[in-house]
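The structure file run19.cif is reproduced below (mmCIF, C-alpha atoms and all ligand atoms).
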data_data
loop_
_atom_site.label_atom_id
_atom_site.label_comp_id
_atom_site.auth_asym_id
_atom_site.auth_seq_id
_atom_site.Cartn_x
_atom_site.Cartn_y
_atom_site.Cartn_z
CA MET X 1235 120.12 90.33 96.12
CA PRO X 1236 117.96 90.55 93.00
CA ASP X 1237 119.79 90.40 89.67
CA ALA X 1238 118.05 93.53 88.47
CA THR X 1239 115.46 96.10 89.56
CA TYR X 1240 113.26 98.59 87.77
CA GLN X 1241 113.82 101.36 90.31
CA PHE X 1242 111.28 104.17 90.77
CA PRO X 1243 112.15 107.72 91.88
CA ASP X 1244 112.37 108.54 95.59
CA GLY X 1245 109.12 109.84 97.02
CA PHE X 1246 107.01 108.06 94.39
CA LEU X 1247 103.39 107.67 95.56
CA TRP X 1248 102.14 104.09 95.54
CA GLY X 1249 98.48 103.56 96.22
CA THR X 1250 95.13 102.23 95.20
CA ALA X 1251 92.02 104.19 94.19
CA THR X 1252 88.39 103.86 95.25
CA ALA X 1253 85.18 105.89 94.82
CA ALA X 1254 82.45 106.68 97.34
CA HIS X 1255 79.45 105.04 95.70
CA GLN X 1256 81.47 101.95 94.86
CA VAL X 1257 82.77 101.25 98.36
CA GLU X 1258 80.70 103.05 100.99
CA GLY X 1259 77.35 101.29 100.84
CA GLY X 1260 74.05 102.79 101.90
CA ASN X 1261 74.08 105.69 99.45
CA THR X 1262 70.36 106.14 98.95
CA ASN X 1263 70.21 109.81 98.05
CA ASN X 1264 72.00 109.89 94.70
CA ASN X 1265 71.27 109.27 91.03
CA TRP X 1266 72.92 105.85 91.16
CA TYR X 1267 70.49 104.69 93.82
CA ALA X 1268 67.67 105.73 91.49
CA TRP X 1269 69.38 103.94 88.59
CA GLU X 1270 69.93 100.74 90.61
CA ASN X 1271 66.26 100.75 91.48
CA THR X 1272 65.16 101.03 87.85
CA PRO X 1273 64.75 97.50 86.50
CA GLY X 1274 67.05 96.57 83.63
CA LYS X 1275 69.71 99.20 84.21
CA ILE X 1276 72.30 97.19 86.14
CA PHE X 1277 73.68 93.76 85.31
CA ASP X 1278 71.27 91.21 86.77
CA ASN X 1279 69.49 94.09 88.57
CA GLN X 1280 72.22 93.95 91.20
CA LYS X 1281 72.56 96.69 93.80
CA SER X 1282 75.46 98.38 95.53
CA SER X 1283 73.73 97.78 98.92
CA LEU X 1284 76.44 97.61 101.58
CA ALA X 1285 79.16 97.75 98.89
CA CYS X 1286 82.43 97.34 100.85
CA ASP X 1287 80.79 98.79 103.95
CA TRP X 1288 83.19 101.67 104.32
CA TRP X 1289 80.38 103.74 105.76
CA GLY X 1290 80.07 101.06 108.45
CA GLY X 1291 83.79 101.45 109.23
CA ARG X 1292 85.46 98.81 107.07
CA TRP X 1293 87.65 101.45 105.41
CA LYS X 1294 89.87 100.79 108.43
CA GLU X 1295 90.40 97.20 107.39
CA ASP X 1296 91.00 97.97 103.70
CA LEU X 1297 93.26 100.95 104.23
CA GLY X 1298 95.01 99.10 107.07
CA ASN X 1299 95.78 96.31 104.58
CA ALA X 1300 96.96 98.88 102.03
CA ALA X 1301 99.36 100.43 104.52
CA LYS X 1302 100.64 97.07 105.76
CA ASP X 1303 101.37 96.21 102.15
CA GLY X 1304 103.69 99.15 101.78
CA GLN X 1305 101.38 101.62 100.04
CA ASN X 1306 102.04 105.24 100.99
CA ALA X 1307 99.00 106.94 99.41
CA HIS X 1308 95.33 106.38 98.68
CA ARG X 1309 92.84 108.08 96.39
CA PHE X 1310 89.17 108.09 97.44
CA SER X 1311 86.15 110.28 96.80
CA VAL X 1312 83.66 112.16 98.94
CA GLU X 1313 79.94 111.70 98.25
CA TRP X 1314 78.17 114.95 97.42
CA SER X 1315 74.71 113.61 98.34
CA ARG X 1316 75.85 112.84 101.88
CA ILE X 1317 77.48 116.21 102.47
CA GLN X 1318 74.71 118.24 100.84
CA PRO X 1319 71.59 116.08 101.06
CA ALA X 1320 69.40 118.98 99.88
CA PRO X 1321 70.28 122.31 98.24
CA ASP X 1322 69.79 124.17 101.51
CA ARG X 1323 71.23 121.56 103.89
CA TRP X 1324 74.77 120.57 104.86
CA ASP X 1325 75.45 117.48 106.91
CA GLU X 1326 78.42 118.22 109.16
CA SER X 1327 78.49 114.63 110.42
CA ALA X 1328 79.31 113.43 106.89
CA LEU X 1329 82.23 115.84 106.78
CA ASP X 1330 83.33 114.51 110.19
CA PHE X 1331 83.26 110.99 108.75
CA TYR X 1332 85.59 111.98 105.91
CA ARG X 1333 87.83 113.89 108.33
CA ASP X 1334 88.15 110.69 110.39
CA ILE X 1335 89.15 108.72 107.29
CA LEU X 1336 91.73 111.36 106.41
CA LYS X 1337 93.19 111.41 109.90
CA GLY X 1338 93.23 107.60 109.86
CA MET X 1339 95.07 107.67 106.55
CA TRP X 1340 97.77 110.02 107.83
CA GLU X 1341 98.21 107.79 110.89
CA LEU X 1342 98.67 104.84 108.56
CA GLY X 1343 101.21 106.76 106.48
CA LEU X 1344 98.90 107.14 103.47
CA THR X 1345 98.96 110.48 101.65
CA PRO X 1346 95.39 111.26 100.60
CA VAL X 1347 94.28 112.26 97.12
CA VAL X 1348 90.64 113.32 97.30
CA THR X 1349 88.21 113.28 94.39
CA LEU X 1350 85.30 115.69 94.71
CA HIS X 1351 83.06 114.13 92.08
CA HIS X 1352 83.25 110.50 91.03
CA PHE X 1353 80.20 109.87 88.80
CA SER X 1354 77.43 110.18 91.43
CA ASP X 1355 75.19 113.24 91.84
CA PRO X 1356 72.74 114.02 94.64
CA LEU X 1357 69.15 113.19 93.76
CA TRP X 1358 68.23 116.87 93.93
CA ILE X 1359 70.83 117.61 91.23
CA TYR X 1360 69.55 114.66 89.17
CA GLU X 1361 66.02 116.00 89.45
CA ILE X 1362 66.96 119.40 88.04
CA GLY X 1363 68.59 117.73 85.02
CA GLY X 1364 72.06 116.90 86.35
CA TRP X 1365 74.94 118.35 84.35
CA GLU X 1366 72.61 119.47 81.57
CA ASN X 1367 71.34 122.20 83.90
CA GLU X 1368 73.37 125.40 83.57
CA LYS X 1369 73.17 125.99 87.32
CA THR X 1370 74.92 122.72 88.20
CA PRO X 1371 78.48 124.13 87.84
CA GLU X 1372 77.68 126.78 90.47
CA TYR X 1373 76.07 124.22 92.77
CA PHE X 1374 79.18 122.09 92.38
CA GLU X 1375 81.38 125.06 93.20
CA GLN X 1376 79.43 125.70 96.42
CA PHE X 1377 79.85 122.07 97.39
CA VAL X 1378 83.58 122.18 96.65
CA ARG X 1379 83.99 125.32 98.76
CA LYS X 1380 82.29 123.61 101.68
CA VAL X 1381 84.41 120.47 101.43
CA VAL X 1382 87.74 122.19 100.89
CA ASP X 1383 87.11 124.58 103.72
CA ALA X 1384 86.27 121.69 106.06
CA LEU X 1385 89.05 119.30 105.03
CA LYS X 1386 91.90 121.52 103.87
CA SER X 1387 94.12 120.78 106.85
CA GLU X 1388 94.19 117.09 105.83
CA VAL X 1389 94.38 117.26 102.03
CA LYS X 1390 96.89 118.75 99.60
CA ILE X 1391 95.92 117.02 96.35
CA TRP X 1392 92.39 117.46 94.99
CA VAL X 1393 90.83 115.85 91.94
CA THR X 1394 87.82 117.93 90.89
CA LEU X 1395 86.12 115.50 88.50
CA ASN X 1396 86.68 111.85 87.75
CA GLU X 1397 86.71 111.10 84.04
CA PRO X 1398 84.35 113.84 82.86
CA ASN X 1399 84.88 112.61 79.29
CA GLY X 1400 83.93 109.03 80.21
CA LEU X 1401 80.98 110.26 82.25
CA VAL X 1402 79.57 112.17 79.29
CA VAL X 1403 79.92 109.25 76.90
CA ASN X 1404 78.34 106.80 79.34
CA SER X 1405 75.50 109.10 80.42
CA TYR X 1406 74.57 110.90 77.21
CA ILE X 1407 75.81 108.79 74.29
CA ASP X 1408 75.96 105.10 75.28
CA GLY X 1409 73.24 105.61 77.86
CA CYS X 1410 74.53 102.99 80.31
CA PHE X 1411 74.81 105.58 83.12
CA PRO X 1412 71.96 107.78 84.37
CA PRO X 1413 70.12 109.56 82.77
CA GLY X 1414 70.58 106.95 80.01
CA LYS X 1415 70.44 109.25 76.99
CA ASN X 1416 71.60 108.89 73.45
CA ASP X 1417 71.86 112.49 72.39
CA PHE X 1418 74.99 114.27 71.13
CA ARG X 1419 73.62 117.73 71.86
CA ALA X 1420 72.83 116.80 75.48
CA ALA X 1421 76.33 115.34 75.70
CA PHE X 1422 77.84 118.61 74.52
CA THR X 1423 75.77 120.64 76.98
CA ALA X 1424 76.75 118.43 79.91
CA LEU X 1425 80.38 118.45 78.82
CA THR X 1426 80.45 122.24 78.67
CA HIS X 1427 78.96 122.43 82.16
CA LEU X 1428 81.44 119.88 83.50
CA ILE X 1429 84.31 121.93 82.08
CA ARG X 1430 82.89 125.06 83.68
CA GLY X 1431 82.28 123.19 86.96
CA HIS X 1432 85.89 122.06 86.95
CA GLY X 1433 87.15 125.61 86.29
CA LEU X 1434 85.05 127.09 89.09
CA ALA X 1435 86.09 124.31 91.46
CA TYR X 1436 89.77 124.81 90.65
CA GLN X 1437 89.53 128.53 91.36
CA ALA X 1438 87.61 127.96 94.59
CA ILE X 1439 90.20 125.43 95.80
CA HIS X 1440 93.04 127.88 95.21
CA GLU X 1441 91.19 130.74 96.83
CA ILE X 1442 90.64 128.71 100.00
CA GLN X 1443 93.91 126.77 99.97
CA PRO X 1444 96.57 128.51 97.87
CA ASP X 1445 99.17 125.77 98.28
CA ALA X 1446 96.84 122.95 97.18
CA MET X 1447 97.30 121.05 93.95
CA ALA X 1448 94.18 120.60 91.87
CA GLY X 1449 93.43 118.82 88.63
CA TYR X 1450 90.93 116.44 87.07
CA ALA X 1451 91.29 112.75 86.20
CA LEU X 1452 91.11 111.99 82.51
CA TYR X 1453 89.87 108.77 80.95
CA TYR X 1454 92.57 108.08 78.37
CA ARG X 1455 91.87 105.47 75.72
CA GLY X 1456 94.63 104.26 73.44
CA PHE X 1457 93.72 104.38 69.74
CA PHE X 1458 95.89 102.89 67.00
CA PRO X 1459 95.07 102.84 63.28
CA LYS X 1460 94.36 99.26 62.25
CA LYS X 1461 95.99 99.57 58.84
CA SER X 1462 98.99 101.80 59.19
CA TRP X 1463 99.15 102.25 55.37
CA PHE X 1464 95.50 103.36 55.05
CA PRO X 1465 94.86 107.13 55.47
CA PRO X 1466 91.14 106.82 56.41
CA ASP X 1467 92.12 104.70 59.45
CA HIS X 1468 94.53 107.45 60.51
CA TRP X 1469 91.85 110.08 60.00
CA VAL X 1470 89.28 108.26 62.15
CA THR X 1471 91.92 107.55 64.84
CA GLY X 1472 92.69 111.27 64.96
CA MET X 1473 88.98 112.04 65.25
CA LEU X 1474 88.65 109.70 68.25
CA ASN X 1475 91.77 111.14 69.87
CA ARG X 1476 90.42 114.68 69.55
CA ASN X 1477 86.95 113.85 70.85
CA VAL X 1478 87.86 111.43 73.61
CA ASN X 1479 91.39 112.23 74.79
CA ASP X 1480 92.15 115.83 73.83
CA LEU X 1481 88.87 117.59 74.29
CA PHE X 1482 88.90 118.40 78.00
CA ALA X 1483 92.61 119.19 77.96
CA ASN X 1484 92.22 121.60 75.03
CA ALA X 1485 89.44 123.41 76.87
CA ILE X 1486 91.77 123.86 79.82
CA ARG X 1487 94.52 125.13 77.56
CA ASP X 1488 92.56 127.82 75.73
CA GLY X 1489 88.93 127.67 76.88
CA GLN X 1490 87.69 126.30 73.56
CA VAL X 1491 85.34 123.35 73.68
CA LYS X 1492 85.09 121.50 70.38
CA PHE X 1493 83.01 118.34 70.28
CA ILE X 1494 82.21 116.79 66.89
CA ILE X 1495 80.32 119.65 65.20
CA PHE X 1496 79.63 121.68 68.35
CA LYS X 1497 81.76 124.57 69.62
CA THR X 1498 81.77 126.99 72.53
CA MET X 1499 84.08 128.88 74.86
CA VAL X 1500 84.49 128.38 78.64
CA LYS X 1501 86.79 131.10 79.89
CA GLU X 1502 86.70 129.94 83.51
CA ALA X 1503 88.53 126.76 82.53
CA ILE X 1504 91.69 128.31 81.09
CA GLY X 1505 94.84 127.24 82.91
CA THR X 1506 93.05 125.27 85.60
CA GLN X 1507 95.30 122.29 86.23
CA ASP X 1508 98.33 121.78 88.47
CA PHE X 1509 98.85 118.14 87.55
CA VAL X 1510 97.63 115.61 85.03
CA GLY X 1511 95.49 112.81 86.48
CA LEU X 1512 95.72 109.97 84.01
CA GLN X 1513 93.48 106.90 83.97
CA TYR X 1514 94.34 104.23 81.49
CA TYR X 1515 92.86 100.76 81.13
CA SER X 1516 92.86 99.64 77.50
CA SER X 1517 93.26 100.43 73.80
CA ASP X 1518 91.61 99.75 70.45
CA GLU X 1519 92.69 99.33 66.88
CA VAL X 1520 90.54 101.60 64.80
CA SER X 1521 89.34 101.33 61.23
CA PHE X 1522 87.23 103.71 59.19
CA ASN X 1523 83.65 102.49 58.74
CA LEU X 1524 81.16 104.50 56.74
CA LEU X 1525 78.30 102.49 58.23
CA LYS X 1526 78.94 103.76 61.77
CA PRO X 1527 78.12 107.49 61.83
CA GLY X 1528 76.84 107.15 65.42
CA GLU X 1529 80.30 105.97 66.47
CA LEU X 1530 82.15 108.72 64.59
CA PHE X 1531 82.71 106.33 61.64
CA ALA X 1532 84.97 104.09 63.72
CA SER X 1533 85.08 100.32 64.08
CA ARG X 1534 87.07 99.41 67.15
CA GLU X 1535 88.60 96.10 68.12
CA TYR X 1536 91.29 94.87 70.48
CA PRO X 1537 94.75 94.31 69.01
CA LYS X 1538 94.92 90.70 67.85
CA ASN X 1539 97.41 89.24 70.28
CA ALA X 1540 96.43 91.19 73.38
CA PRO X 1541 95.19 89.11 76.34
CA VAL X 1542 91.57 90.01 77.15
CA SER X 1543 89.94 90.09 80.61
CA PRO X 1544 87.34 87.50 81.63
CA THR X 1545 84.25 89.53 80.69
CA GLY X 1546 85.92 91.00 77.61
CA PHE X 1547 86.09 94.49 79.11
CA ILE X 1548 89.81 95.16 79.00
CA ALA X 1549 92.63 94.15 76.67
CA ASP X 1550 96.18 94.18 78.03
CA VAL X 1551 97.82 96.77 75.76
CA PRO X 1552 100.73 98.43 77.61
CA GLN X 1553 101.64 100.45 74.49
CA GLY X 1554 98.50 102.43 75.28
CA MET X 1555 99.94 103.33 78.69
CA ALA X 1556 103.11 104.49 76.95
CA GLN X 1557 101.02 106.59 74.57
CA ALA X 1558 98.98 108.00 77.47
CA LEU X 1559 102.09 109.02 79.40
CA LYS X 1560 103.60 110.64 76.34
CA TRP X 1561 100.35 112.53 75.83
CA ALA X 1562 100.36 113.65 79.49
CA HIS X 1563 103.99 114.77 79.28
CA GLN X 1564 103.12 117.49 76.73
CA PHE X 1565 101.70 119.62 79.58
CA ARG X 1566 105.01 119.64 81.49
CA LEU X 1567 103.13 119.19 84.76
CA PRO X 1568 103.38 116.48 87.42
CA ILE X 1569 101.61 113.32 86.29
CA TYR X 1570 99.73 110.96 88.57
CA VAL X 1571 98.37 107.73 87.15
CA THR X 1572 95.17 108.00 89.15
CA GLU X 1573 93.72 104.68 87.89
CA ASN X 1574 94.83 101.56 86.06
CA GLY X 1575 93.76 97.98 86.56
CA VAL X 1576 91.91 95.00 85.19
CA GLU X 1577 88.85 92.95 86.13
CA ASP X 1578 90.03 89.45 86.84
CA ALA X 1579 88.23 87.48 89.56
CA GLU X 1580 90.69 84.60 89.40
CA ASP X 1581 93.72 86.85 89.26
CA LYS X 1582 95.27 84.99 86.37
CA MET X 1583 95.87 87.96 84.13
CA ARG X 1584 96.34 90.80 86.64
CA PRO X 1585 99.96 90.16 87.72
CA ALA X 1586 101.25 90.33 84.14
CA TYR X 1587 98.96 93.28 83.31
CA LEU X 1588 100.20 95.16 86.37
CA LEU X 1589 103.87 94.55 85.58
CA ARG X 1590 103.60 95.42 81.90
CA HIS X 1591 101.83 98.69 82.67
CA LEU X 1592 104.18 99.59 85.51
CA ARG X 1593 107.14 99.04 83.21
CA GLU X 1594 105.80 101.84 81.00
CA VAL X 1595 105.34 104.06 84.05
CA TRP X 1596 108.91 103.27 85.12
CA LEU X 1597 110.24 104.11 81.67
CA ALA X 1598 108.45 107.47 81.64
CA ALA X 1599 109.73 108.30 85.14
CA ASN X 1600 113.26 107.41 83.99
CA PHE X 1601 112.95 109.69 80.98
CA ASN X 1602 112.77 112.26 83.75
CA TRP X 1603 109.14 113.03 82.96
CA GLN X 1604 107.35 114.21 86.09
CA VAL X 1605 105.59 110.95 86.91
CA LYS X 1606 104.87 111.21 90.63
CA GLY X 1607 102.59 108.34 91.53
CA TYR X 1608 100.52 105.31 90.56
CA PHE X 1609 97.12 104.33 91.98
CA HIS X 1610 95.93 100.85 91.13
CA TRP X 1611 92.20 100.32 90.63
CA SER X 1612 91.36 98.94 93.11
CA GLN X 1613 92.23 97.91 96.67
CA VAL X 1614 89.25 95.58 97.02
CA ASP X 1615 86.46 94.36 94.70
CA ASN X 1616 83.68 96.94 94.59
CA PHE X 1617 80.44 97.89 92.86
CA GLU X 1618 81.21 98.28 89.15
CA TRP X 1619 78.44 100.71 88.12
CA GLU X 1620 76.13 99.29 85.42
CA ARG X 1621 78.12 96.05 85.50
CA GLY X 1622 77.22 95.50 89.14
CA TRP X 1623 79.30 92.83 90.86
CA SER X 1624 80.11 90.99 87.64
CA GLN X 1625 83.61 92.46 87.44
CA ARG X 1626 86.30 92.16 90.11
CA PHE X 1627 89.02 94.77 90.08
CA GLY X 1628 90.42 94.28 93.60
CA LEU X 1629 93.89 93.34 94.74
CA TRP X 1630 91.74 91.77 97.43
CA GLU X 1631 88.66 89.71 96.72
CA LEU X 1632 85.42 90.67 98.46
CA ASP X 1633 82.39 88.57 99.22
CA PRO X 1634 79.78 91.34 99.37
CA LYS X 1635 77.39 89.16 101.39
CA THR X 1636 79.74 88.20 104.22
CA GLN X 1637 82.10 91.15 103.72
CA LYS X 1638 84.99 88.72 103.92
CA ARG X 1639 88.18 89.91 102.24
CA THR X 1640 90.65 87.46 100.72
CA ARG X 1641 94.09 88.34 99.47
CA ARG X 1642 94.87 87.72 95.81
CA ARG X 1643 98.34 86.92 94.45
CA SER X 1644 98.40 90.43 92.99
CA ALA X 1645 98.19 91.90 96.50
CA ASP X 1646 101.50 90.16 97.31
CA LEU X 1647 103.02 91.34 94.07
CA TYR X 1648 101.92 94.96 94.49
CA ALA X 1649 103.07 94.91 98.13
CA ALA X 1650 106.55 93.79 97.11
CA ILE X 1651 106.71 96.54 94.46
CA CYS X 1652 105.55 99.25 96.88
CA LYS X 1653 107.98 98.13 99.57
CA GLU X 1654 110.94 97.98 97.18
CA ASN X 1655 109.87 101.17 95.35
CA GLY X 1656 110.66 99.11 92.30
CA ILE X 1657 110.15 95.83 90.47
CA SER X 1658 112.91 93.37 91.26
CA SER X 1659 113.75 90.23 89.34
CA GLU X 1660 113.37 88.29 92.56
CA THR X 1661 109.81 89.51 93.06
CA VAL X 1662 108.82 88.72 89.49
CA ARG X 1663 110.46 85.29 89.55
CA TRP X 1664 108.59 84.46 92.72
CA LEU X 1665 105.19 86.10 92.18
CA ALA X 1666 104.71 86.40 88.42
CA PRO X 1667 106.94 83.79 86.78
CA GLU X 1668 104.66 83.78 83.72
CA VAL X 1669 106.00 87.19 82.73
CA PHE X 1670 109.60 86.86 83.95
CA SER X 1671 111.25 86.40 80.57
CA GLU X 1672 109.35 89.37 79.21
CA MET X 1673 110.35 91.64 82.10
CA PHE X 1674 113.93 90.38 82.31
CA PRO X 1675 114.87 88.91 78.93
CA GLY X 1676 117.86 86.63 79.31
C1 LIG X 1701 86.19 104.51 86.84
C2 LIG X 1701 85.97 103.60 88.02
C3 LIG X 1701 85.66 102.19 87.52
C4 LIG X 1701 86.82 101.70 86.70
C5 LIG X 1701 86.69 100.28 86.17
C6 LIG X 1701 87.03 103.90 85.75
O1 LIG X 1701 86.64 104.36 84.52
O2 LIG X 1701 86.71 105.74 87.27
O3 LIG X 1701 84.96 104.10 88.81
O4 LIG X 1701 85.37 101.32 88.55
O5 LIG X 1701 86.95 102.54 85.57
O6 LIG X 1701 85.61 100.13 85.33
#
Mind turning the file's structure into structure tokens?
Ligand code: BGC
Amino acid sequence: MPDATYQFPDGFLWGTATAAHQVEGGNTNNNWYAWENTPGKIFDNQKSSLACDWWGGRWKEDLGNAAKDGQNAHRFSVEWSRIQPAPDRWDESALDFYRDILKGMWELGLTPVVTLHHFSDPLWIYEIGGWENEKTPEYFEQFVRKVVDALKSEVKIWVTLNEPNGLVVNSYIDGCFPPGKNDFRAAFTALTHLIRGHGLAYQAIHEIQPDAMAGYALYYRGFFPKKSWFPPDHWVTGMLNRNVNDLFANAIRDGQVKFIIFKTMVKEAIGTQDFVGLQYYSSDEVSFNLLKPGELFASREYPKNAPVSPTGFIADVPQGMAQALKWAHQFRLPIYVTENGVEDAEDKMRPAYLLRHLREVWLAANFNWQVKGYFHWSQVDNFEWERGWSQRFGLWELDPKTQKRTRRRSADLYAAICKENGISSETVRWLAPEVFSEMFPG
């Protein structure tokens, strides 16, 4: 018998999350293929190539491992460019492939959560200007109709867009995603079209499948004023919160899109979410800096004592997860943590990161907030966008050349948590002793 357990509610969904372009391999008809083939865009000019070879059937191995390890759900995405390779062409065999995965998941006892757009666009959409084109929301809606109609008997929970706010920043402000722009007006245009695309998709899903649940997955970043006594730091923190965290949600509340100095109205978006999909990785301390107008006058740094991941990408700041959950609770809707994780090839930091973040999820669930599930990013190492293979987020390690999978300590830890529907002192003592006294102070 363990001395103590952080117990989660009955029926809690425990899973991992993946995305088509990152795990399937062989996606040669989307904007990311074009990006990977443009020298200088991806770390070391690496390519997704076979990725985790899910298209070749290895989803069976990865999802089989997930199920054996006590997970009862999985979030994955369908690839638009496979299903609609050209504006006037649908590939039914691609839909059959996804139907097979879904059937396989139900057989394994994994409830599916399906994302309809996870960063990649078909080349033909890219060529007409991607999300800057005002027709793209309607094209997306047509695609969503096709997919939902084909797969509705296997799916109840749909995520329309993955991190539209992150996508806009990466594609149109930082420029590390295709089309690699640095243009606030283009960002605003794309954002408006993504919001409209989401609204149209939500309505289409409900028309075809009235009992479905639909929402989008938000990239939530924790922001804390660096000097709590200094009003300009509070002001700039508020500015970041409004433009990064609140923007999409506000548009869904009242249709108003407000981004820096730009404003518009998207009526189709009002009231279009049945749950909050929350993705949280890290947080920053923020100070006001007049010399950084391009970054909304903000200097950002990791909190001083927070452990930082091997490539410096993520700081372990569980208070940000608490803040994110509190933010999500304001909508009084079910909350799914649709992503959370850390890159850590040697798996030294992940066990503690996982436990600290899950403790916040546990606390929120025990406040009786509607926290319904947690999806760790990710089941297995996969292609990390512009950072190529330089970052390893998997519970399982992958050698992309041989396709060999190797279990990390975190896979054992997460398995024990999923199986117990809780975090027991015994599990932590055995699998993450480095964080025992923090989780169970004596
Ligand atoms: C994205 C994933 C990505 C992960 C780690 C999230 O923002 O949705 O696709 O792999 O972060 O970088």
Calculated over all atoms listed in the file, which of the candidates X:Gly1575, X:Pro1675, X:Pro1537, X:Gly1245 has the smallest distance to ligand LIG 1701 (chain X)?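 Ranked by minimum distance to ligand LIG 1701 (chain X), first place goes to X:Gly1575.
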With only C-alpha atoms as the counted atoms, please give the residues lying no more than 10 Å from segment 1473-1482 of chain X, apart from itself and same-chain residues fewer than 5 positions off, as a ChimeraX atom specification. /X:1397-1400,1403,1425-1426,1428-1429,1450,1452-1458,1467-1468,1487,1489-1494,1503,1520,1529-1532,1558,1561
Check every protein, DNA and RNA residue against ligand LIG 1701 (chain X), keep those with an atom at most 8 Å away (counting only C-alpha atoms and all ligand atoms), and present them as a PyMOL selection string. chain X and resi 1252-1253+1256+1352-1353+1396-1397+1400+1453+1513+1515+1573-1577+1611-1612+1616-1619+1627
Under the rule that all atoms listed in the file are counted, which of X:Gln1613, X:Gln1376, X:Thr1498, X:Ser1405 is the nearest residue to Trp1248 of chain X? X:Gln1613
In terms of only C-alpha atoms, the residue from X:Cys1410, X:Val1381, X:Ile1486, X:Leu1559 at minimal distance from Trp1324 of chain X is X:Val1381
All residues 10 Å or closer to Gly1656 of chain X, all atoms listed in the file, same chain fewer than 4 positions away omitted, as a list in words: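 Counting only the stated atoms, we get Thr1239, Tyr1240, Gln1241, Phe1242, Pro1243, Phe1246, Leu1592, Arg1593, Trp1596, Tyr1648, Ala1650, Ile1651, Cys1652 and Thr1661 of chain X.
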From X:Lys1302, X:Lys1386, X:Lys1526, X:Arg1316, residue lying nearest Leu1336 of chain X [all atoms listed in the file]: X:Lys1386
Out of X:Trp1293, X:Trp1365, X:Phe1374, X:Tyr1536, which residue has the shortest atom-to-atom distance to Phe1331 of chain X when counting all atoms listed in the file?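 The closest residue to Phe1331 of chain X is X:Trp1293.
Note that the spacing between atom CA of Glu1313 of chain X and atom CA of Tyr1373 of chain X amounts to 14.2 Å.
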Provide the atom CA of Ser1283 of chain X to atom CA of Glu1258 of chain X distance in Å, to one decimal place. 9.0 Å
I'd like the contact shell of Leu1512 of chain X - 6 Å cut-off, only C-alpha atoms, skipping same-chain residues fewer than 3 positions apart - returned as a count of residues only. 4
